[in-house]
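data38.txt, holding compact mmCIF, C-alpha atoms:
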```
# COMPACT_ATOMS: atom_id res chain seq x y z
CA MET A 1 -18.67 18.86 -11.95
CA ASP A 2 -15.00 19.79 -11.60
CA PHE A 3 -12.77 16.74 -11.70
CA ASP A 4 -9.49 18.69 -11.71
CA PHE A 5 -7.14 18.64 -8.77
CA SER A 6 -6.85 21.86 -6.82
CA PRO A 7 -3.70 24.00 -7.19
CA GLU A 8 -2.62 22.82 -3.73
CA GLN A 9 -3.07 19.18 -4.71
CA VAL A 10 -1.14 19.69 -7.95
CA MET A 11 1.67 21.33 -5.97
CA LEU A 12 1.78 18.40 -3.55
CA ARG A 13 1.78 15.86 -6.38
CA ASP A 14 4.55 17.66 -8.26
CA GLN A 15 6.62 18.09 -5.10
CA ALA A 16 6.33 14.38 -4.33
CA ARG A 17 7.14 13.44 -7.92
CA ASP A 18 10.22 15.69 -8.14
CA PHE A 19 11.52 14.50 -4.80
CA LEU A 20 11.07 10.80 -5.53
CA VAL A 21 12.54 11.05 -9.03
CA ASN A 22 15.63 12.76 -7.65
CA GLU A 23 16.07 10.98 -4.32
CA SER A 24 14.75 7.50 -5.13
CA PRO A 25 16.14 6.66 -8.56
CA MET A 26 16.01 3.13 -9.89
CA SER A 27 19.59 2.59 -8.76
CA LEU A 28 18.45 3.07 -5.15
CA VAL A 29 15.43 0.83 -5.71
CA ARG A 30 17.68 -1.98 -6.89
CA GLN A 31 20.11 -1.36 -4.05
CA MET A 32 17.31 -1.68 -1.50
CA MET A 33 16.23 -5.00 -3.02
CA ASP A 34 19.41 -6.50 -1.57
CA ASP A 35 19.33 -4.46 1.65
CA GLU A 36 17.90 -6.33 4.66
CA ARG A 37 16.16 -3.16 5.86
CA GLY A 38 14.68 -2.44 2.45
CA TYR A 39 14.55 1.34 2.66
CA SER A 40 16.80 4.41 2.92
CA SER A 41 16.63 6.16 6.29
CA ASP A 42 17.85 9.36 4.60
CA VAL A 43 14.99 9.31 2.11
CA TRP A 44 12.54 8.54 4.94
CA ARG A 45 13.77 11.52 6.94
CA GLN A 46 13.47 13.81 3.95
CA MET A 47 9.94 12.56 3.30
CA ALA A 48 9.09 13.50 6.87
CA ASP A 49 10.63 16.95 6.48
CA LEU A 50 8.54 17.54 3.34
CA GLY A 51 5.36 16.50 5.16
CA LEU A 52 4.80 13.44 3.00
CA LEU A 53 4.43 11.21 6.07
CA SER A 54 1.93 13.51 7.77
CA VAL A 55 -0.34 14.43 4.88
CA ALA A 56 -3.40 12.49 6.12
CA ILE A 57 -2.79 12.86 9.86
CA PRO A 58 -5.05 15.43 11.58
CA GLU A 59 -3.47 18.72 12.54
CA GLU A 60 -4.12 18.18 16.25
CA TYR A 61 -1.73 15.21 16.10
CA GLY A 62 1.02 17.00 14.22
CA GLY A 63 -0.15 16.29 10.67
CA LEU A 64 -1.20 18.38 7.70
CA GLY A 65 -4.85 17.41 8.04
CA MET A 66 -5.38 16.54 4.37
CA GLY A 67 -7.36 13.58 3.05
CA MET A 68 -7.18 10.38 1.07
CA VAL A 69 -7.04 12.18 -2.27
CA GLU A 70 -3.80 13.89 -1.27
CA HIS A 71 -2.55 10.62 0.20
CA ALA A 72 -3.32 8.85 -3.08
CA LEU A 73 -1.40 11.46 -5.04
CA ILE A 74 1.73 10.63 -3.05
CA LEU A 75 1.13 6.89 -3.28
CA GLU A 76 0.75 7.20 -7.04
CA GLN A 77 4.19 8.81 -7.24
CA ILE A 78 5.62 6.05 -5.07
CA GLY A 79 4.17 3.56 -7.55
CA ARG A 80 5.63 5.49 -10.48
CA THR A 81 9.12 5.46 -8.98
CA LEU A 82 8.84 2.16 -7.06
CA CYS A 83 10.21 3.96 -4.01
CA PRO A 84 10.93 1.19 -1.46
CA GLY A 85 10.03 1.59 2.18
CA PRO A 86 7.38 1.30 4.88
CA TYR A 87 5.27 4.21 3.64
CA LEU A 88 1.99 2.35 3.16
CA ALA A 89 2.59 0.16 6.21
CA THR A 90 3.12 3.18 8.46
CA THR A 91 1.02 6.03 7.07
CA VAL A 92 -1.93 3.90 5.92
CA LEU A 93 -2.10 0.66 7.91
CA ALA A 94 -0.76 1.71 11.31
CA ALA A 95 -2.00 5.30 11.23
CA THR A 96 -5.52 4.32 10.12
CA ALA A 97 -5.80 1.75 12.91
CA ILE A 98 -4.69 4.26 15.54
CA LEU A 99 -6.87 7.04 14.17
CA ASN A 100 -9.96 4.80 14.11
CA GLY A 101 -9.38 2.80 17.28
CA GLY A 102 -6.96 4.57 19.57
CA THR A 103 -7.52 6.73 22.61
CA ASP A 104 -6.63 10.41 22.35
CA ALA A 105 -3.46 9.76 24.34
CA GLN A 106 -2.44 6.97 21.94
CA LYS A 107 -3.17 9.19 18.96
CA GLN A 108 -1.05 11.98 20.43
CA GLN A 109 1.82 9.60 21.14
CA TYR A 110 1.88 7.53 17.96
CA LEU A 111 0.44 9.74 15.22
CA SER A 112 2.65 12.68 16.08
CA ALA A 113 5.71 10.40 15.98
CA ILE A 114 4.62 8.97 12.63
CA ALA A 115 4.14 12.47 11.24
CA SER A 116 7.62 13.51 12.33
CA GLY A 117 9.23 10.39 10.92
CA ASP A 118 10.34 9.18 14.34
CA LEU A 119 8.20 6.01 14.35
CA ILE A 120 7.71 3.27 11.79
CA GLY A 121 4.74 1.00 12.34
CA THR A 122 2.86 -1.78 10.63
CA PHE A 123 -0.26 -3.93 10.94
CA ALA A 124 -0.16 -7.72 11.38
CA LEU A 125 -3.51 -9.09 10.18
CA LEU A 126 -3.02 -12.19 8.04
CA GLU A 127 -2.67 -15.68 9.52
CA ASP A 128 -2.64 -19.21 8.10
CA VAL A 129 -6.17 -18.80 6.73
CA ILE A 130 -6.14 -15.69 4.56
CA ALA A 131 -9.01 -13.38 5.42
CA TRP A 132 -9.33 -9.62 5.10
CA ASP A 133 -11.58 -9.16 8.11
CA ALA A 134 -11.75 -10.26 11.73
CA SER A 135 -12.90 -13.77 10.77
CA GLY A 136 -9.32 -14.74 10.00
CA VAL A 137 -7.97 -13.75 13.42
CA HIS A 138 -7.07 -16.78 15.55
CA ALA A 139 -4.18 -15.38 17.59
CA GLU A 140 -5.11 -15.25 21.27
CA ALA A 141 -4.44 -12.79 24.07
CA THR A 142 -4.82 -14.20 27.57
CA PRO A 143 -5.14 -11.82 30.56
CA ASP A 144 -2.29 -12.26 33.02
CA ASN A 145 -1.81 -9.98 36.07
CA GLY A 146 -2.61 -6.72 34.34
CA SER A 147 -0.98 -7.76 31.08
CA TYR A 148 -1.79 -10.06 28.16
CA ARG A 149 0.06 -13.12 26.86
CA LEU A 150 0.01 -13.16 23.08
CA ASN A 151 0.18 -16.45 21.19
CA GLY A 152 -0.18 -17.09 17.49
CA ARG A 153 1.41 -16.50 14.12
CA LYS A 154 1.06 -13.64 11.63
CA LEU A 155 2.10 -13.84 7.99
CA PHE A 156 3.16 -11.38 5.28
CA VAL A 157 3.49 -8.47 7.69
CA PRO A 158 4.84 -5.52 5.68
CA PHE A 159 8.14 -4.08 6.88
CA ALA A 160 7.90 -5.73 10.29
CA ASN A 161 11.69 -6.05 10.04
CA VAL A 162 12.08 -2.29 10.63
CA ALA A 163 8.86 -1.40 12.46
CA GLN A 164 9.25 -0.02 15.97
CA PHE A 165 5.70 -1.06 16.78
CA ILE A 166 3.30 -3.59 15.33
CA ILE A 167 -0.47 -3.49 15.67
CA VAL A 168 -1.60 -7.06 16.31
CA PRO A 169 -5.23 -8.26 16.23
CA ALA A 170 -5.91 -11.09 18.68
CA ARG A 171 -8.89 -12.63 20.47
CA ILE A 172 -9.35 -12.14 24.20
CA GLY A 173 -11.13 -15.00 25.93
CA GLY A 174 -10.37 -17.92 23.67
CA PRO A 175 -11.15 -18.81 20.03
CA ASP A 176 -14.62 -17.27 20.18
CA GLY A 177 -13.60 -14.09 21.99
CA ASP A 178 -13.90 -10.61 20.58
CA VAL A 179 -11.01 -9.28 18.52
CA SER A 180 -8.88 -6.57 20.13
CA LEU A 181 -5.85 -4.72 18.81
CA PHE A 182 -2.51 -4.53 20.60
CA LEU A 183 0.32 -2.04 20.17
CA VAL A 184 3.33 -4.35 20.43
CA ASP A 185 6.84 -2.96 20.78
CA HIS A 186 9.40 -4.43 18.39
CA ALA A 187 11.62 -5.56 21.28
CA THR A 188 8.90 -7.52 23.11
CA PRO A 189 10.27 -10.82 24.47
CA GLY A 190 8.49 -13.84 23.04
CA MET A 191 8.01 -12.21 19.62
CA THR A 192 10.10 -13.53 16.73
CA VAL A 193 10.23 -11.76 13.36
CA THR A 194 11.41 -13.89 10.42
CA PRO A 195 11.87 -12.28 6.97
CA LEU A 196 9.99 -13.82 4.05
CA VAL A 197 10.92 -13.62 0.38
CA SER A 198 8.32 -11.72 -1.64
CA LEU A 199 7.68 -11.68 -5.37
CA ASP A 200 8.44 -7.95 -5.19
CA LEU A 201 11.89 -7.77 -3.62
CA THR A 202 11.39 -4.07 -2.88
CA GLU A 203 8.54 -4.92 -0.50
CA LYS A 204 9.88 -6.56 2.65
CA THR A 205 7.48 -8.88 4.49
CA SER A 206 7.89 -11.07 7.54
CA GLN A 207 6.37 -13.85 9.58
CA ILE A 208 5.84 -13.07 13.26
CA GLU A 209 5.55 -15.74 15.95
CA PHE A 210 4.15 -14.89 19.38
CA ALA A 211 5.02 -17.38 22.14
CA ASN A 212 3.69 -16.07 25.44
CA ALA A 213 4.74 -12.55 24.50
CA MET A 214 3.78 -10.26 27.38
CA VAL A 215 2.01 -7.03 26.42
CA PRO A 216 0.92 -4.46 29.05
CA ALA A 217 -2.81 -3.77 29.28
CA ALA A 218 -2.08 -0.13 28.46
CA CYS A 219 -1.01 -1.30 24.99
CA VAL A 220 -4.53 -2.34 24.01
CA LEU A 221 -5.48 0.01 21.18
CA GLY A 222 -8.51 1.92 22.43
CA GLN A 223 -11.04 -0.35 24.10
CA PRO A 224 -10.88 -4.17 24.16
CA GLY A 225 -13.21 -5.77 21.64
CA ASN A 226 -13.18 -2.95 19.07
CA GLY A 227 -10.91 -4.79 16.63
CA ALA A 228 -13.38 -5.94 13.95
CA ALA A 229 -14.56 -2.45 12.99
CA VAL A 230 -11.02 -1.08 12.98
CA ILE A 231 -9.79 -3.93 10.76
CA ASP A 232 -12.54 -3.13 8.25
CA ALA A 233 -11.53 0.55 8.23
CA VAL A 234 -7.85 -0.32 7.76
CA VAL A 235 -8.47 -2.77 4.91
CA GLN A 236 -10.83 -0.36 3.15
CA ARG A 237 -8.33 2.49 3.19
CA ALA A 238 -5.43 0.17 2.35
CA ALA A 239 -7.33 -1.11 -0.69
CA VAL A 240 -7.56 2.44 -2.05
CA ALA A 241 -3.91 3.10 -1.19
CA ALA A 242 -2.78 -0.06 -2.95
CA ALA A 243 -4.87 0.89 -5.99
CA ALA A 244 -3.09 4.24 -6.11
CA GLU A 245 0.33 2.59 -6.04
CA MET A 246 -0.68 0.04 -8.67
CA TYR A 247 -2.05 2.80 -10.89
CA GLY A 248 1.23 4.67 -10.56
CA ALA A 249 3.18 1.58 -11.58
CA ALA A 250 0.86 0.99 -14.54
CA ARG A 251 1.08 4.59 -15.71
CA ALA A 252 4.87 4.55 -15.55
CA SER A 253 4.91 1.30 -17.56
CA LEU A 254 2.61 2.84 -20.15
CA ASP A 255 4.75 5.98 -20.43
CA MET A 256 7.88 3.87 -20.89
CA SER A 257 6.14 1.86 -23.60
CA VAL A 258 4.98 4.92 -25.52
CA GLU A 259 8.47 6.41 -25.43
CA TYR A 260 9.97 3.10 -26.56
CA ALA A 261 7.49 2.85 -29.43
CA LYS A 262 8.54 6.31 -30.61
CA THR A 263 12.25 5.56 -30.65
CA ARG A 264 12.58 1.83 -31.42
CA GLU A 265 12.76 1.34 -35.19
CA GLN A 266 11.94 -1.71 -37.22
CA PHE A 267 11.95 -1.90 -41.01
CA GLY A 268 13.10 1.70 -41.11
CA GLN A 269 10.31 3.24 -39.04
CA PRO A 270 9.29 3.56 -35.39
CA ILE A 271 7.38 0.53 -34.15
CA GLY A 272 4.72 2.91 -32.85
CA SER A 273 3.63 3.42 -36.44
CA PHE A 274 2.56 -0.23 -36.71
CA GLN A 275 -1.14 -0.84 -36.15
CA ALA A 276 -0.63 -3.80 -33.81
CA VAL A 277 1.58 -1.73 -31.50
CA LYS A 278 -0.71 1.30 -31.64
CA HIS A 279 -3.72 -0.79 -30.70
CA LYS A 280 -1.84 -2.39 -27.82
CA LEU A 281 -0.85 1.03 -26.47
CA ALA A 282 -4.40 2.32 -26.92
CA ASP A 283 -5.80 -0.60 -24.91
CA MET A 284 -3.22 0.04 -22.21
CA LEU A 285 -4.24 3.70 -22.09
CA LEU A 286 -7.92 2.76 -21.72
CA ASP A 287 -7.12 0.49 -18.79
CA ALA A 288 -4.89 3.09 -17.17
CA GLU A 289 -7.42 5.91 -17.50
CA ALA A 290 -10.20 3.77 -16.05
CA ALA A 291 -7.90 2.76 -13.18
CA PHE A 292 -7.17 6.45 -12.55
CA ALA A 293 -10.88 7.29 -12.41
CA ALA A 294 -11.74 4.38 -10.12
CA THR A 295 -8.86 5.09 -7.77
CA TYR A 296 -9.45 8.79 -7.29
CA TYR A 297 -13.20 8.45 -6.99
CA ALA A 298 -12.60 5.90 -4.24
CA ALA A 299 -10.14 8.28 -2.57
CA TRP A 300 -12.67 11.12 -2.75
CA ALA A 301 -15.37 8.84 -1.32
CA GLN A 302 -13.11 8.03 1.63
CA ASP A 303 -12.86 11.73 2.41
CA ASP A 304 -16.58 12.30 1.89
CA HIS A 305 -17.39 9.60 4.50
CA GLY A 306 -20.62 8.81 2.67
CA ASP A 307 -22.36 5.56 1.94
CA GLU A 308 -20.33 5.14 -1.26
CA ALA A 309 -16.95 4.88 0.49
CA ALA A 310 -16.92 1.10 0.90
CA THR A 311 -18.44 0.41 -2.51
CA ALA A 312 -16.01 2.72 -4.27
CA ALA A 313 -13.07 1.08 -2.51
CA HIS A 314 -14.26 -2.38 -3.60
CA VAL A 315 -14.72 -1.20 -7.20
CA ALA A 316 -11.31 0.48 -7.31
CA LYS A 317 -9.36 -2.45 -5.92
CA ALA A 318 -11.21 -5.05 -7.99
CA TYR A 319 -10.68 -3.10 -11.20
CA VAL A 320 -7.15 -1.82 -10.65
CA ASN A 321 -5.98 -5.30 -9.60
CA GLU A 322 -6.58 -6.55 -13.12
CA ALA A 323 -5.90 -3.33 -15.02
CA ALA A 324 -2.50 -2.69 -13.47
CA ARG A 325 -1.36 -6.27 -13.94
CA LYS A 326 -2.53 -6.15 -17.56
CA VAL A 327 -0.89 -2.81 -18.36
CA CYS A 328 2.41 -3.76 -16.74
CA GLY A 329 2.38 -7.12 -18.48
CA GLU A 330 1.53 -5.60 -21.86
CA ALA A 331 4.34 -3.09 -21.40
CA ILE A 332 6.82 -5.95 -21.23
CA GLN A 333 5.31 -7.37 -24.44
CA ALA A 334 5.49 -3.97 -26.15
CA HIS A 335 9.22 -3.83 -25.46
CA GLY A 336 9.86 -7.21 -27.03
CA GLY A 337 12.87 -9.22 -25.88
CA ILE A 338 14.47 -6.42 -23.88
CA GLY A 339 11.36 -6.15 -21.72
CA PHE A 340 12.07 -9.59 -20.25
CA THR A 341 15.63 -8.84 -19.16
CA TRP A 342 16.69 -8.43 -15.52
CA GLU A 343 18.54 -5.21 -16.36
CA TYR A 344 15.40 -3.52 -17.69
CA ASP A 345 13.05 -2.07 -15.10
CA LEU A 346 9.67 -3.21 -16.41
CA HIS A 347 9.67 -6.48 -14.48
CA LEU A 348 9.97 -4.46 -11.26
CA TYR A 349 6.78 -2.57 -12.08
CA PHE A 350 4.99 -5.79 -12.96
CA LYS A 351 6.05 -7.32 -9.65
CA ARG A 352 4.85 -4.28 -7.70
CA ALA A 353 1.45 -4.60 -9.38
CA LYS A 354 1.31 -8.34 -8.68
CA HIS A 355 2.39 -7.81 -5.08
CA TYR A 356 -0.50 -5.49 -4.30
CA GLU A 357 -3.00 -7.40 -6.43
CA ALA A 358 -3.27 -10.02 -3.69
CA LEU A 359 -3.05 -7.66 -0.72
CA TYR A 360 -5.93 -5.91 1.04
CA GLY A 361 -8.40 -8.02 -0.85
CA ASP A 362 -7.85 -9.75 -4.17
CA THR A 363 -10.29 -9.30 -7.02
CA GLN A 364 -12.52 -12.16 -5.93
CA PHE A 365 -12.79 -10.74 -2.40
CA HIS A 366 -13.87 -7.30 -3.57
CA ARG A 367 -16.26 -8.64 -6.18
CA GLU A 368 -17.90 -10.78 -3.53
CA LYS A 369 -18.29 -7.68 -1.35
CA LEU A 370 -19.86 -5.84 -4.26
CA ALA A 371 -22.24 -8.73 -4.89
CA GLN A 372 -23.28 -8.69 -1.23
CA HIS A 373 -23.84 -4.94 -1.41
CA ALA A 374 -25.93 -5.28 -4.56
CA GLY A 375 -28.03 -8.00 -2.95
CA ALA A 376 -28.60 -5.87 0.14
CA ALA A 377 -29.60 -2.91 -2.01
CA HIS A 378 -32.40 -4.94 -3.56
```
Kindly transcribe the structure held in the file into structure tokens.
Amino acid sequence: MDFDFSPEQVMLRDQARDFLVNESPMSLVRQMMDDERGYSSDVWRQMADLGLLSVAIPEEYGGLGMGMVEHALILEQIGRTLCPGPYLATTVLAATAILNGGTDAQKQQYLSAIASGDLIGTFALLEDVIAWDASGVHAEATPDNGSYRLNGRKLFVPFANVAQFIIVPARIGGPDGDVSLFLVDHATPGMTVTPLVSLDLTEKTSQIEFANAMVPAACVLGQPGNGAAVIDAVVQRAAVAAAAEMYGAARASLDMSVEYAKTREQFGQPIGSFQAVKHKLADMLLDAEAAFAATYYAAWAQDDHGDEAATAAHVAKAYVNEAARKVCGEAIQAHGGIGFTWEYDLHLYFKRAKHYEALYGDTQFHREKLAQHAGAAH
């Protein structure tokens, strides 16, 4: 079996890496932490021009027609550089929902605008009871003269502060109704977006309140009642995407630690020559390499559309959750006192790993899914 990336994939990865290193340096990352928008519109436009926003969008909708492996390569570089912005929210969450649940007209309208960089979108799933499937949806949509009145609250919605549209799951017909998805414009009356403070200050999240917000019937994504299956597809792909970003953050932390161990001297020799430090770095490398394998197998399985796609996504997210947190945390330890300072960048990588550890299914969620799968297999 050939596990190498193709020349085209290597070219895409290197192009993304070079661009993000040059255009999204750590100075910009820190600047965006204090910016209420949380991203650079200039960088976003350049990402669109390079095709980084359209990589996984089918060609008939203005994209490059590539797959999850190529998408993961870009997400890994975003994790390595901590590039702030609504990339995952738009190109993974919103685009996956539209691609899996939308009508052809909706796909033409929204996916082409995402690919060109003209639209930023997001997906508002979580509510007061955290659940990564349709069971946690309690927001309601009540039919009203050809429209729907949305009521409910959504939490931790990524980059809702800058999204031009938000995909909102809600139940039609009361608490026991089927879940449908709604394409809600950012200027909809009755919708209030309130910024929340995240552990990772480069990742902007918001609370959204719907109080009789009127949404036209034409803004139902696809057919009413198709929400549960689309939510599962979105969360599955988002789990792989988050794993790719977390792996990128872990790998960057490892690389920084190795370089530090080569140059930082103690007792007249580099600290990398000490057995305790070498063993720590070796353990970090083992975790990082396993995270790489799990992530890219899961990405390949998404593209293969086989029976292994869901299982591989669960394995990747469950493993990388812990591996990335461990590697980023050990990197701080390997740097000693300087690793704990605000001025040093390692804490930003650790926070990115912790941010995504809880999103799109924490470790317990994905292990439970794997246990259910194993039970069904027997």
Atom-to-atom span, atom CA of A:Met68 and atom CA of A:Thr96, Å
11.0 Å
Using all atoms listed in the file, which of the listed residues (A:Val193, A:Ala233, A:Val29, A:Ala324) sits closest to A:Gly85?
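Result for the nearest residue to A:Gly85: A:Val29.
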Would you compute the distance between atom CA of A:Ala318 and atom CA of A:Ala301? Give it in Å to one decimal.
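Between atom CA of A:Ala318 and atom CA of A:Ala301 the gap works out to 16.0 Å.
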Spatial neighbours of A:Arg237, 10 Å, all atoms listed in the file, chain gap at least 4 places, as a short mmCIF file (atom, residue, chain, number, x, y, z; two decimals) with C-alpha atoms, in the coordinates of the input:
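Dumped everything to out13.cif:
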```cif
data_model
loop_
_atom_site.label_atom_id
_atom_site.label_comp_id
_atom_site.auth_asym_id
_atom_site.auth_seq_id
_atom_site.Cartn_x
_atom_site.Cartn_y
_atom_site.Cartn_z
CA MET A 68 -7.18 10.38 1.07
CA VAL A 92 -1.93 3.90 5.92
CA LEU A 93 -2.10 0.66 7.91
CA THR A 96 -5.52 4.32 10.12
CA ASP A 232 -12.54 -3.13 8.25
CA ALA A 233 -11.53 0.55 8.23
CA ALA A 241 -3.91 3.10 -1.19
CA ALA A 242 -2.78 -0.06 -2.95
CA ALA A 243 -4.87 0.89 -5.99
CA ALA A 298 -12.60 5.90 -4.24
CA ALA A 299 -10.14 8.28 -2.57
CA GLN A 302 -13.11 8.03 1.63
CA ALA A 309 -16.95 4.88 0.49
CA ALA A 310 -16.92 1.10 0.90
CA ALA A 313 -13.07 1.08 -2.51
CA TYR A 360 -5.93 -5.91 1.04
#
```
To one decimal place, how far is atom CA of A:Gln364 from atom CA of A:His71 in Å?
25.6 Å
Nearest to A:Ser40 by atom-to-atom distance, counting only C-alpha atoms, from A:Ala294, A:Asp14, A:Pro86, A:Gln236:
A:Pro86
Using only C-alpha atoms, determine which residues lie at most 10 Å from A:Asp128, disregarding the query and same-chain residues fewer than 3 positions distant; provide the list as a list in words.
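After dropping sequence-adjacent residues, the list is Ala131, Gly136, Val137, His138, Gly152, Arg153, Lys154 and Leu155 of chain A.
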Can you work out which one of A:Gly117, A:Pro158, A:Gly173, A:Pro7 has the shortest atom-to-atom distance to A:Leu359, counting all atoms listed in the file?
A:Pro158
Could you pull the residues within 12 Å of A:Glu203, counting only C-alpha atoms, minus those fewer than 6 positions along the same chain, as a PyMOL selection string?
chain A and resi 29-30+32-39+79+82-89+156-162+195-197+348-349+351-356+359
With only C-alpha atoms as the atoms that count, which of A:Gly248, A:Pro143, A:Gly62, A:Gly190 lies nearest to A:Pro216?
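So, comparing all the options, the nearest one is A:Pro143.
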Write out as a ChimeraX atom specification the residues lying within 10 Å of stretch 97-106 of chain A, counting all atoms listed in the file and excluding same-chain residues fewer than 2 positions away.
/A:57-58,61,91-95,108-112,122-123,167,180-181,183,218-224,226-227,229-235
Close residues, A:Arg17 itself excluded, 8 Å, only C-alpha atoms, min 3 positions apart in chain, as number ranges by chain:
A: 13-14, 20-21, 74, 77
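When only C-alpha atoms are used to compute distances to A:Asp303, the closest of the residues A:Val240, A:Asp133, A:Asn321, A:Asp144 turns out to be A:Val240.
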Which residue out of A:Ala374, A:Val69, A:Ala249, A:Val168 has the minimum interatomic distance to A:Trp300 when all atoms listed in the file are used?
A:Val69
